[in-house]
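Colleague: File follows, coords.csv with CSV, C-alpha atoms:
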chain,number,residue,atom,x,y,z
A,1,MET,CA,32.8,52.9,90.3
A,2,ASP,CA,30.5,49.9,89.7
A,3,ASP,CA,29.3,51.4,86.4
A,4,PHE,CA,32.8,52.0,85.2
A,5,HIS,CA,33.8,48.5,85.9
A,6,SER,CA,30.7,47.0,84.4
A,7,ALA,CA,31.2,49.1,81.2
A,8,GLU,CA,34.7,47.6,80.8
A,9,GLU,CA,33.5,44.1,81.3
A,10,THR,CA,30.6,44.4,79.0
A,11,ALA,CA,32.2,46.1,76.0
A,12,PHE,CA,33.2,44.1,72.9
A,13,VAL,CA,37.0,44.2,73.0
A,14,VAL,CA,38.4,43.7,69.6
A,15,ASP,CA,42.0,42.9,70.6
A,16,GLU,CA,41.0,40.2,73.0
A,17,VAL,CA,38.7,38.5,70.5
A,18,SER,CA,41.3,38.8,67.8
A,19,SER,CA,43.9,36.9,69.8
A,20,ILE,CA,41.4,34.2,70.7
A,21,VAL,CA,40.6,33.8,67.0
A,22,LYS,CA,44.3,33.6,66.0
A,23,GLU,CA,45.1,31.0,68.6
A,24,SER,CA,42.1,28.9,67.5
A,25,VAL,CA,43.1,29.0,63.8
A,26,GLU,CA,46.8,28.2,64.5
A,27,GLY,CA,45.7,25.3,66.7
A,28,VAL,CA,43.3,23.8,64.2
A,29,ILE,CA,45.0,24.3,60.8
A,30,GLY,CA,48.4,25.7,61.8
A,31,GLY,CA,50.9,23.5,59.8
A,32,ASN,CA,48.4,21.9,57.4
A,33,VAL,CA,48.2,21.8,53.6
A,34,TYR,CA,44.7,22.3,52.0
A,35,GLN,CA,42.9,19.0,51.8
A,36,HIS,CA,39.5,18.8,50.2
A,37,ASN,CA,38.3,16.0,52.4
A,38,ARG,CA,39.4,17.6,55.7
A,39,VAL,CA,38.4,21.2,55.2
A,40,ASN,CA,34.8,20.5,56.3
A,41,GLN,CA,36.1,19.4,59.7
A,42,TRP,CA,38.6,22.3,59.9
A,43,THR,CA,36.0,25.0,59.4
A,44,SER,CA,33.7,23.4,62.0
A,45,ASN,CA,36.5,23.0,64.5
A,46,VAL,CA,37.7,26.6,64.1
A,47,VAL,CA,34.2,28.1,64.7
A,48,GLU,CA,33.4,25.8,67.6
A,49,HIS,CA,36.7,26.4,69.3
A,50,CYS,CA,36.4,30.2,68.9
A,51,LEU,CA,32.8,30.2,70.1
A,52,SER,CA,33.6,28.1,73.2
A,53,GLN,CA,36.6,30.4,74.1
A,54,LEU,CA,34.4,33.5,73.6
A,55,SER,CA,31.6,32.2,75.8
A,56,LYS,CA,34.1,31.5,78.5
A,57,LEU,CA,34.8,35.2,78.7
A,58,GLY,CA,31.4,35.4,80.5
A,59,LYS,CA,30.3,38.7,78.9
A,60,PRO,CA,26.6,39.4,78.3
A,61,PHE,CA,26.9,38.9,74.5
A,62,LYS,CA,25.4,36.8,71.8
A,63,TYR,CA,28.1,35.7,69.3
A,64,ILE,CA,28.2,34.8,65.6
A,65,VAL,CA,31.4,33.3,64.3
A,66,THR,CA,31.9,32.7,60.5
A,67,CYS,CA,34.9,31.0,58.9
A,68,ILE,CA,35.9,30.8,55.2
A,69,ILE,CA,38.7,28.6,54.0
A,70,MET,CA,39.9,28.9,50.4
A,71,GLN,CA,42.5,27.0,48.5
A,72,LYS,CA,45.3,29.2,47.0
A,73,ASN,CA,44.7,28.9,43.4
A,74,GLY,CA,44.9,32.3,41.9
A,75,ALA,CA,41.1,32.9,42.2
A,76,GLY,CA,39.8,36.2,43.5
A,77,LEU,CA,37.6,36.3,46.7
A,78,GLN,CA,35.8,39.3,48.1
A,79,SER,CA,33.8,39.3,51.3
A,80,ALA,CA,31.7,42.1,52.8
A,81,SER,CA,29.4,42.5,55.8
A,82,SER,CA,26.9,45.0,56.8
A,83,CYS,CA,25.3,45.2,60.2
A,84,PHE,CA,22.2,46.8,61.7
A,85,TRP,CA,22.8,47.0,65.4
A,86,ASP,CA,23.6,49.2,68.4
A,87,ASN,CA,26.9,51.0,67.6
A,88,THR,CA,27.6,51.8,71.3
A,89,THR,CA,27.5,48.2,72.5
A,90,ASP,CA,28.0,45.8,69.6
A,91,GLY,CA,31.1,45.1,67.6
A,92,SER,CA,32.9,42.8,65.2
A,93,CYS,CA,36.4,41.6,64.4
A,94,THR,CA,37.8,40.0,61.3
A,95,VAL,CA,41.0,38.0,61.2
A,96,ARG,CA,42.7,37.1,57.9
A,97,TRP,CA,45.2,34.2,58.1
A,98,GLU,CA,47.1,32.3,55.5
A,99,ASN,CA,49.7,29.7,55.0
A,100,LYS,CA,51.3,28.3,51.8
A,101,SER,CA,48.3,26.5,50.5
A,102,MET,CA,45.2,28.3,51.9
A,103,TYR,CA,43.6,31.4,53.1
A,104,CYS,CA,41.3,31.6,56.1
A,105,ILE,CA,39.0,34.5,57.0
A,106,ILE,CA,37.2,34.4,60.4
A,107,SER,CA,34.7,37.1,61.4
A,108,VAL,CA,33.3,37.4,64.9
A,109,PHE,CA,30.2,39.5,65.6
A,110,GLY,CA,29.3,40.3,69.2
A,111,LEU,CA,25.8,41.6,70.0
A,112,ALA,CA,25.0,42.9,73.5
A,113,ILE,CA,22.1,41.3,75.2
B,114,MET,CA,-5.5,40.7,69.9
B,115,GLU,CA,-2.7,43.2,69.5
B,116,GLU,CA,-0.3,40.9,71.4
B,117,TYR,CA,-1.2,38.0,69.2
B,118,HIS,CA,-0.4,39.9,66.1
B,119,SER,CA,2.9,41.3,67.3
B,120,GLY,CA,4.0,37.8,68.3
B,121,GLU,CA,3.7,36.8,64.6
B,122,GLU,CA,5.7,39.8,63.3
B,123,VAL,CA,8.6,39.4,65.8
B,124,SER,CA,10.2,36.2,64.7
B,125,PHE,CA,12.8,35.9,61.9
B,126,SER,CA,11.4,34.3,58.8
B,127,ALA,CA,14.2,32.5,56.9
B,128,ASP,CA,12.1,32.1,53.8
B,129,GLU,CA,11.3,35.8,53.5
B,130,ALA,CA,14.9,36.7,54.1
B,131,SER,CA,16.0,34.2,51.5
B,132,ASN,CA,13.8,35.8,48.9
B,133,VAL,CA,15.0,39.3,49.7
B,134,VAL,CA,18.6,38.1,49.3
B,135,LYS,CA,18.0,36.3,46.0
B,136,GLU,CA,16.4,39.4,44.5
B,137,CYS,CA,19.2,41.6,45.7
B,138,ILE,CA,21.9,39.3,44.2
B,139,GLU,CA,20.1,39.0,40.9
B,140,GLY,CA,19.6,42.7,40.7
B,141,ILE,CA,23.3,43.5,41.3
B,142,ILE,CA,25.3,40.7,39.6
B,143,GLY,CA,22.6,38.9,37.7
B,144,GLY,CA,24.0,38.8,34.1
B,145,VAL,CA,27.6,39.9,34.8
B,146,ASP,CA,31.0,38.2,34.5
B,147,TYR,CA,33.5,38.3,37.4
B,148,SER,CA,35.5,41.5,37.3
B,149,GLN,CA,38.3,42.2,39.8
B,150,ASN,CA,37.9,45.9,39.8
B,151,LYS,CA,34.2,45.8,40.3
B,152,VAL,CA,33.8,43.0,42.8
B,153,ASN,CA,34.5,45.4,45.7
B,154,GLN,CA,31.5,47.5,44.8
B,155,TRP,CA,29.3,44.5,44.2
B,156,THR,CA,29.8,42.9,47.6
B,157,ALA,CA,29.2,46.3,49.2
B,158,ASN,CA,26.0,46.9,47.2
B,159,ILE,CA,24.7,43.4,47.9
B,160,VAL,CA,25.1,43.7,51.7
B,161,GLU,CA,23.7,47.3,51.9
B,162,HIS,CA,20.8,46.6,49.7
B,163,THR,CA,19.9,43.4,51.5
B,164,LEU,CA,20.2,45.1,54.9
B,165,THR,CA,18.0,48.0,53.8
B,166,GLN,CA,15.2,45.7,52.6
B,167,LEU,CA,15.4,43.6,55.8
B,168,VAL,CA,15.2,46.7,58.0
B,169,LYS,CA,12.1,47.9,56.1
B,170,GLN,CA,10.3,44.8,57.4
B,171,GLY,CA,10.1,46.7,60.7
B,172,LYS,CA,10.8,43.7,62.9
B,173,PRO,CA,12.6,44.2,66.3
B,174,LEU,CA,15.7,42.5,65.1
B,175,LYS,CA,19.4,43.4,64.8
B,176,TYR,CA,20.9,42.1,61.5
B,177,ILE,CA,24.3,41.0,60.2
B,178,VAL,CA,24.6,40.4,56.4
B,179,ASN,CA,27.7,38.8,55.1
B,180,CYS,CA,28.5,38.3,51.4
B,181,ALA,CA,31.4,36.5,49.7
B,182,VAL,CA,32.0,36.5,46.0
B,183,MET,CA,34.5,34.1,44.5
B,184,GLN,CA,35.8,33.7,40.9
B,185,LYS,CA,35.3,30.3,39.4
B,186,SER,CA,38.7,28.8,38.8
B,187,GLY,CA,38.7,25.4,40.3
B,188,ALA,CA,39.7,26.4,43.8
B,189,GLY,CA,38.0,24.9,46.8
B,190,LEU,CA,36.1,27.1,49.1
B,191,HIS,CA,34.5,26.1,52.4
B,192,THR,CA,32.5,28.3,54.8
B,193,ALA,CA,31.1,27.5,58.3
B,194,ASN,CA,29.4,29.5,61.0
B,195,SER,CA,28.5,28.9,64.6
B,196,CYS,CA,26.2,31.1,66.7
B,197,TYR,CA,25.8,31.5,70.5
B,198,TRP,CA,22.4,33.0,70.9
B,199,ASP,CA,18.8,32.4,71.9
B,200,THR,CA,17.5,29.7,69.6
B,201,THR,CA,13.9,30.5,70.3
B,202,THR,CA,14.1,34.1,68.9
B,203,ASP,CA,17.2,34.3,66.7
B,204,GLY,CA,17.8,32.8,63.3
B,205,SER,CA,19.9,32.8,60.2
B,206,CYS,CA,19.7,32.0,56.5
B,207,THR,CA,22.3,31.4,53.9
B,208,VAL,CA,21.9,31.7,50.1
B,209,ARG,CA,24.3,30.2,47.6
B,210,TRP,CA,24.1,31.6,44.1
B,211,GLU,CA,26.3,31.2,41.0
B,212,ASN,CA,26.6,32.1,37.4
B,213,ARG,CA,29.1,31.1,34.7
B,214,THR,CA,32.1,33.0,36.2
B,215,MET,CA,31.5,33.3,39.9
B,216,TYR,CA,30.0,32.0,43.1
B,217,CYS,CA,28.2,34.2,45.6
B,218,VAL,CA,27.4,33.2,49.2
B,219,VAL,CA,25.2,35.5,51.3
B,220,SER,CA,24.4,34.8,55.0
B,221,VAL,CA,21.9,36.8,57.0
B,222,PHE,CA,21.9,36.6,60.8
B,223,ALA,CA,19.0,38.0,62.8
B,224,VAL,CA,19.2,38.5,66.6
B,225,ALA,CA,16.2,39.6,68.6
B,226,ILE,CA,16.3,42.8,70.6
B,227,ALA,CA,15.5,42.1,74.2
B,228,LEU,CA,12.7,44.4,75.1
In structure tokens, write the structure found in this file.
Modeller:
Amino acid sequence: MDDFHSAEETAFVVDEVSSIVKESVEGVIGGNVYQHNRVNQWTSNVVEHCLSQLSKLGKPFKYIVTCIIMQKNGAGLQSASSCFWDNTTDGSCTVRWENKSMYCIISVFGLAI
Amino acid sequence: MEEYHSGEEVSFSADEASNVVKECIEGIIGGVDYSQNKVNQWTANIVEHTLTQLVKQGKPLKYIVNCAVMQKSGAGLHTANSCYWDTTTDGSCTVRWENRTMYCVVSVFAVAIAL
């Protein structure tokens, strides 16, 4: 019984993480238009906010959160990640968000301690 | 003696990783122009090749390699990352590269395996 419970509490749950990320992005850049002089602050706030919400989950994980914000201008952007880890315990989740003036891509990687 | 040597091999070296990444990028998109139908393949090759080279170093680390390739067209791009880990053993390194038609940003994150 104990093992079953601890397995649930210590797995990387993609849905949970995904909703934390979506709330963070909406909260930080929700209704805003791309602005060159503020984007620095936005990316920092998004990653810090996500990270603090994730650490509050209290799971035995190390986290890496990355955020890319790109102005909508017709340019092409491609992003890829490759990971060398333990497939049974580690996981990742990527959220793509956009509004009228910008795209935002956030990736969260969780590695079991 | 053995313990002293394995202490040196265990930590993440950002400089070494940075060189590995630069060689991989040059090898894959070195003299090429941005092409929408090939970019998918390029980012996949860059991350796989970088990862393979890093794993060959044989250090007890888990790796995450992230690569973004963007066409040069005047758009603004900003990236940030934040990590919740053990600052004594884990590390990261980011390499920014560009040519006439595109930008490439590769980040490597290395997390120590708790033994």
Colleague: Show which residues sit within 10 Å of Val134 (chain B), as a PyMOL selection string. Count all atoms listed in the file, and ignore same-chain residues fewer than 4 positions away.
Modeller: chain B and resi 128-130+138-140+159-160+162-164+166-167+178+206-210+219-221
Colleague: Give me the residues near Lys62 (chain A) as a list in words, where near means some atom within 8 Å (using all atoms listed in the file) and where sequence neighbours in that chain fewer than 4 positions away do not count.
Modeller: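 In the requested form, the answer reads Gly110, Leu111, Ala112 and Ile113 of chain A; Cys196, Tyr197, Trp198 and Asp199 of chain B.
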Colleague: Which residues, written as an NGL selection string, have at least one atom at most 12 Å from region 14-28 of chain A, with all atoms listed in the file counted and residues fewer than 3 positions away on the same chain left out?
Modeller: :A and (9 or 11 or 31-33 or 38-39 or 41-57 or 59 or 63 or 65-69 or 90-99 or 103-110)
Colleague: Give me, as a Markdown table, the closest atom pair and its distance (Å, one decimal) for every residue of chain B within a cut-off of 10 Å of chain A, counting only C-alpha atoms, rows sorted by chain and rising number.
Modeller:
| residue | atom | partner | partner_atom | distance |
| --- | --- | --- | --- | --- |
| B:Tyr147 | CA | A:Gly76 | CA | 9.0 |
| B:Ser148 | CA | A:Gly76 | CA | 9.2 |
| B:Gln149 | CA | A:Gly76 | CA | 7.2 |
| B:Val152 | CA | A:Gln78 | CA | 6.8 |
| B:Asn153 | CA | A:Gln78 | CA | 6.7 |
| B:Gln154 | CA | A:Ala80 | CA | 9.7 |
| B:Trp155 | CA | A:Gln78 | CA | 9.2 |
| B:Thr156 | CA | A:Ala80 | CA | 5.6 |
| B:Ala157 | CA | A:Ala80 | CA | 6.1 |
| B:Asn158 | CA | A:Ala80 | CA | 9.3 |
| B:Ile159 | CA | A:Ala80 | CA | 8.6 |
| B:Val160 | CA | A:Ser82 | CA | 5.6 |
| B:Glu161 | CA | A:Ser82 | CA | 6.3 |
| B:His162 | CA | A:Ser82 | CA | 9.5 |
| B:Thr163 | CA | A:Ser82 | CA | 8.9 |
| B:Leu164 | CA | A:Ser82 | CA | 7.0 |
| B:Thr165 | CA | A:Phe84 | CA | 9.0 |
| B:Leu167 | CA | A:Phe84 | CA | 9.6 |
| B:Val168 | CA | A:Phe84 | CA | 7.9 |
| B:Leu174 | CA | A:Trp85 | CA | 8.4 |
| B:Lys175 | CA | A:Trp85 | CA | 5.0 |
| B:Tyr176 | CA | A:Phe84 | CA | 4.9 |
| B:Ile177 | CA | A:Cys83 | CA | 4.3 |
| B:Val178 | CA | A:Ser82 | CA | 5.2 |
| B:Asn179 | CA | A:Ser81 | CA | 4.1 |
| B:Cys180 | CA | A:Ala80 | CA | 5.2 |
| B:Ala181 | CA | A:Ser79 | CA | 4.0 |
| B:Val182 | CA | A:Gln78 | CA | 5.2 |
| B:Met183 | CA | A:Leu77 | CA | 4.4 |
| B:Gln184 | CA | A:Gly76 | CA | 5.4 |
| B:Lys185 | CA | A:Ala75 | CA | 6.9 |
| B:Ser186 | CA | A:Ala75 | CA | 5.8 |
| B:Gly187 | CA | A:Asn73 | CA | 7.6 |
| B:Ala188 | CA | A:Gln71 | CA | 5.5 |
| B:Gly189 | CA | A:Gln71 | CA | 5.2 |
| B:Leu190 | CA | A:Met70 | CA | 4.4 |
| B:His191 | CA | A:Ile69 | CA | 5.1 |
| B:Thr192 | CA | A:Ile68 | CA | 4.2 |
| B:Ala193 | CA | A:Cys67 | CA | 5.2 |
| B:Asn194 | CA | A:Thr66 | CA | 4.1 |
| B:Ser195 | CA | A:Val65 | CA | 5.3 |
| B:Cys196 | CA | A:Ile64 | CA | 4.3 |
| B:Tyr197 | CA | A:Tyr63 | CA | 4.9 |
| B:Trp198 | CA | A:Lys62 | CA | 4.9 |
| B:Asp199 | CA | A:Lys62 | CA | 7.9 |
| B:Asp203 | CA | A:Lys62 | CA | 10.0 |
| B:Met215 | CA | A:Gly76 | CA | 9.5 |
| B:Tyr216 | CA | A:Leu77 | CA | 9.4 |
| B:Cys217 | CA | A:Ser79 | CA | 9.5 |
| B:Val218 | CA | A:Ser79 | CA | 9.1 |
| B:Val219 | CA | A:Ser81 | CA | 9.3 |
| B:Ser220 | CA | A:Ser81 | CA | 9.2 |
| B:Val221 | CA | A:Ser81 | CA | 9.5 |
| B:Phe222 | CA | A:Ile64 | CA | 8.1 |
| B:Ala223 | CA | A:Phe84 | CA | 9.4 |
| B:Val224 | CA | A:Leu111 | CA | 8.0 |
| B:Ala225 | CA | A:Ile113 | CA | 9.0 |
| B:Ile226 | CA | A:Ile113 | CA | 7.6 |
| B:Ala227 | CA | A:Ile113 | CA | 6.7 |
| B:Leu228 | CA | A:Ile113 | CA | 9.9 |
Colleague: Could you check how far CA of Ile29 (chain A) sits from CA of Lys100 (chain A), in Å to one decimal?
Modeller: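 Between these atoms lies a distance of 11.7 Å.
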Colleague: For CA of Ile141 (chain B) and CA of Pro173 (chain B), determine how far apart the two atoms are, in Å to one decimal place.
Modeller: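 Taking CA of Ile141 (chain B) as the start and CA of Pro173 (chain B) as the end point, the length is 27.2 Å.
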Colleague: Work out how far CA of Ala127 (chain B) is from CA of Asp146 (chain B), in Å to one decimal.
Modeller: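 If I compute the distance from CA of Asp146 (chain B) to CA of Ala127 (chain B), I get 28.6 Å.
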Colleague: Emit as JSON the padded axis-aligned box for all listed atoms of region 21-36 of chain A, 4 Å per side, with centre and edge lengths in Å to one decimal.
Modeller:
{"center_x": 45.2, "center_y": 26.3, "center_z": 59.4, "size_x": 19.4, "size_y": 23.0, "size_z": 26.4}
Colleague: Any chance you could model N, CA, C and O atoms for region 53-68 of chain A and send them as a PDB file, keeping the file's coordinate frame?
Modeller:
ATOM      1  N   GLN A  53      35.676  29.493  73.413  1.00  0.00           N
ATOM      2  CA  GLN A  53      36.600  30.400  74.100  1.00  0.00           C
ATOM      3  C   GLN A  53      35.883  31.749  74.396  1.00  0.00           C
ATOM      4  O   GLN A  53      36.063  32.353  75.450  1.00  0.00           O
ATOM      5  N   LEU A  54      35.091  32.208  73.438  1.00  0.00           N
ATOM      6  CA  LEU A  54      34.400  33.500  73.600  1.00  0.00           C
ATOM      7  C   LEU A  54      33.336  33.380  74.714  1.00  0.00           C
ATOM      8  O   LEU A  54      33.192  34.290  75.531  1.00  0.00           O
ATOM      9  N   SER A  55      32.609  32.276  74.740  1.00  0.00           N
ATOM     10  CA  SER A  55      31.600  32.200  75.800  1.00  0.00           C
ATOM     11  C   SER A  55      32.195  32.064  77.146  1.00  0.00           C
ATOM     12  O   SER A  55      31.619  32.518  78.127  1.00  0.00           O
ATOM     13  N   LYS A  56      33.420  31.527  77.225  1.00  0.00           N
ATOM     14  CA  LYS A  56      34.100  31.500  78.500  1.00  0.00           C
ATOM     15  C   LYS A  56      34.444  32.844  79.080  1.00  0.00           C
ATOM     16  O   LYS A  56      34.708  32.968  80.276  1.00  0.00           O
ATOM     17  N   LEU A  57      34.467  33.872  78.218  1.00  0.00           N
ATOM     18  CA  LEU A  57      34.800  35.200  78.700  1.00  0.00           C
ATOM     19  C   LEU A  57      33.659  35.707  79.646  1.00  0.00           C
ATOM     20  O   LEU A  57      33.857  36.646  80.410  1.00  0.00           O
ATOM     21  N   GLY A  58      32.484  35.081  79.545  1.00  0.00           N
ATOM     22  CA  GLY A  58      31.400  35.400  80.500  1.00  0.00           C
ATOM     23  C   GLY A  58      30.741  36.747  80.302  1.00  0.00           C
ATOM     24  O   GLY A  58      30.081  37.250  81.191  1.00  0.00           O
ATOM     25  N   LYS A  59      30.909  37.362  79.102  1.00  0.00           N
ATOM     26  CA  LYS A  59      30.300  38.700  78.900  1.00  0.00           C
ATOM     27  C   LYS A  59      28.845  38.499  78.401  1.00  0.00           C
ATOM     28  O   LYS A  59      28.540  37.505  77.759  1.00  0.00           O
ATOM     29  N   PRO A  60      27.986  39.502  78.675  1.00  0.00           N
ATOM     30  CA  PRO A  60      26.600  39.400  78.300  1.00  0.00           C
ATOM     31  C   PRO A  60      26.410  39.637  76.767  1.00  0.00           C
ATOM     32  O   PRO A  60      25.830  40.647  76.378  1.00  0.00           O
ATOM     33  N   PHE A  61      26.964  38.745  75.937  1.00  0.00           N
ATOM     34  CA  PHE A  61      26.900  38.900  74.500  1.00  0.00           C
ATOM     35  C   PHE A  61      26.375  37.671  73.806  1.00  0.00           C
ATOM     36  O   PHE A  61      26.596  36.559  74.262  1.00  0.00           O
ATOM     37  N   LYS A  62      25.712  37.896  72.666  1.00  0.00           N
ATOM     38  CA  LYS A  62      25.400  36.800  71.800  1.00  0.00           C
ATOM     39  C   LYS A  62      26.509  36.866  70.708  1.00  0.00           C
ATOM     40  O   LYS A  62      26.931  37.957  70.330  1.00  0.00           O
ATOM     41  N   TYR A  63      26.990  35.719  70.225  1.00  0.00           N
ATOM     42  CA  TYR A  63      28.100  35.700  69.300  1.00  0.00           C
ATOM     43  C   TYR A  63      27.718  35.014  67.981  1.00  0.00           C
ATOM     44  O   TYR A  63      26.974  34.048  67.986  1.00  0.00           O
ATOM     45  N   ILE A  64      28.292  35.508  66.878  1.00  0.00           N
ATOM     46  CA  ILE A  64      28.200  34.800  65.600  1.00  0.00           C
ATOM     47  C   ILE A  64      29.605  34.713  65.062  1.00  0.00           C
ATOM     48  O   ILE A  64      30.286  35.729  64.957  1.00  0.00           O
ATOM     49  N   VAL A  65      30.051  33.496  64.766  1.00  0.00           N
ATOM     50  CA  VAL A  65      31.400  33.300  64.300  1.00  0.00           C
ATOM     51  C   VAL A  65      31.304  32.691  62.873  1.00  0.00           C
ATOM     52  O   VAL A  65      30.647  31.677  62.713  1.00  0.00           O
ATOM     53  N   THR A  66      31.943  33.281  61.860  1.00  0.00           N
ATOM     54  CA  THR A  66      31.900  32.700  60.500  1.00  0.00           C
ATOM     55  C   THR A  66      33.353  32.421  60.092  1.00  0.00           C
ATOM     56  O   THR A  66      34.244  33.203  60.414  1.00  0.00           O
ATOM     57  N   CYS A  67      33.558  31.349  59.341  1.00  0.00           N
ATOM     58  CA  CYS A  67      34.900  31.000  58.900  1.00  0.00           C
ATOM     59  C   CYS A  67      34.885  30.621  57.435  1.00  0.00           C
ATOM     60  O   CYS A  67      34.038  29.834  57.024  1.00  0.00           O
ATOM     61  N   ILE A  68      35.792  31.182  56.636  1.00  0.00           N
ATOM     62  CA  ILE A  68      35.900  30.800  55.200  1.00  0.00           C
ATOM     63  C   ILE A  68      37.312  30.288  54.996  1.00  0.00           C
ATOM     64  O   ILE A  68      38.275  30.951  55.382  1.00  0.00           O
TER      65      ILE A  68
END
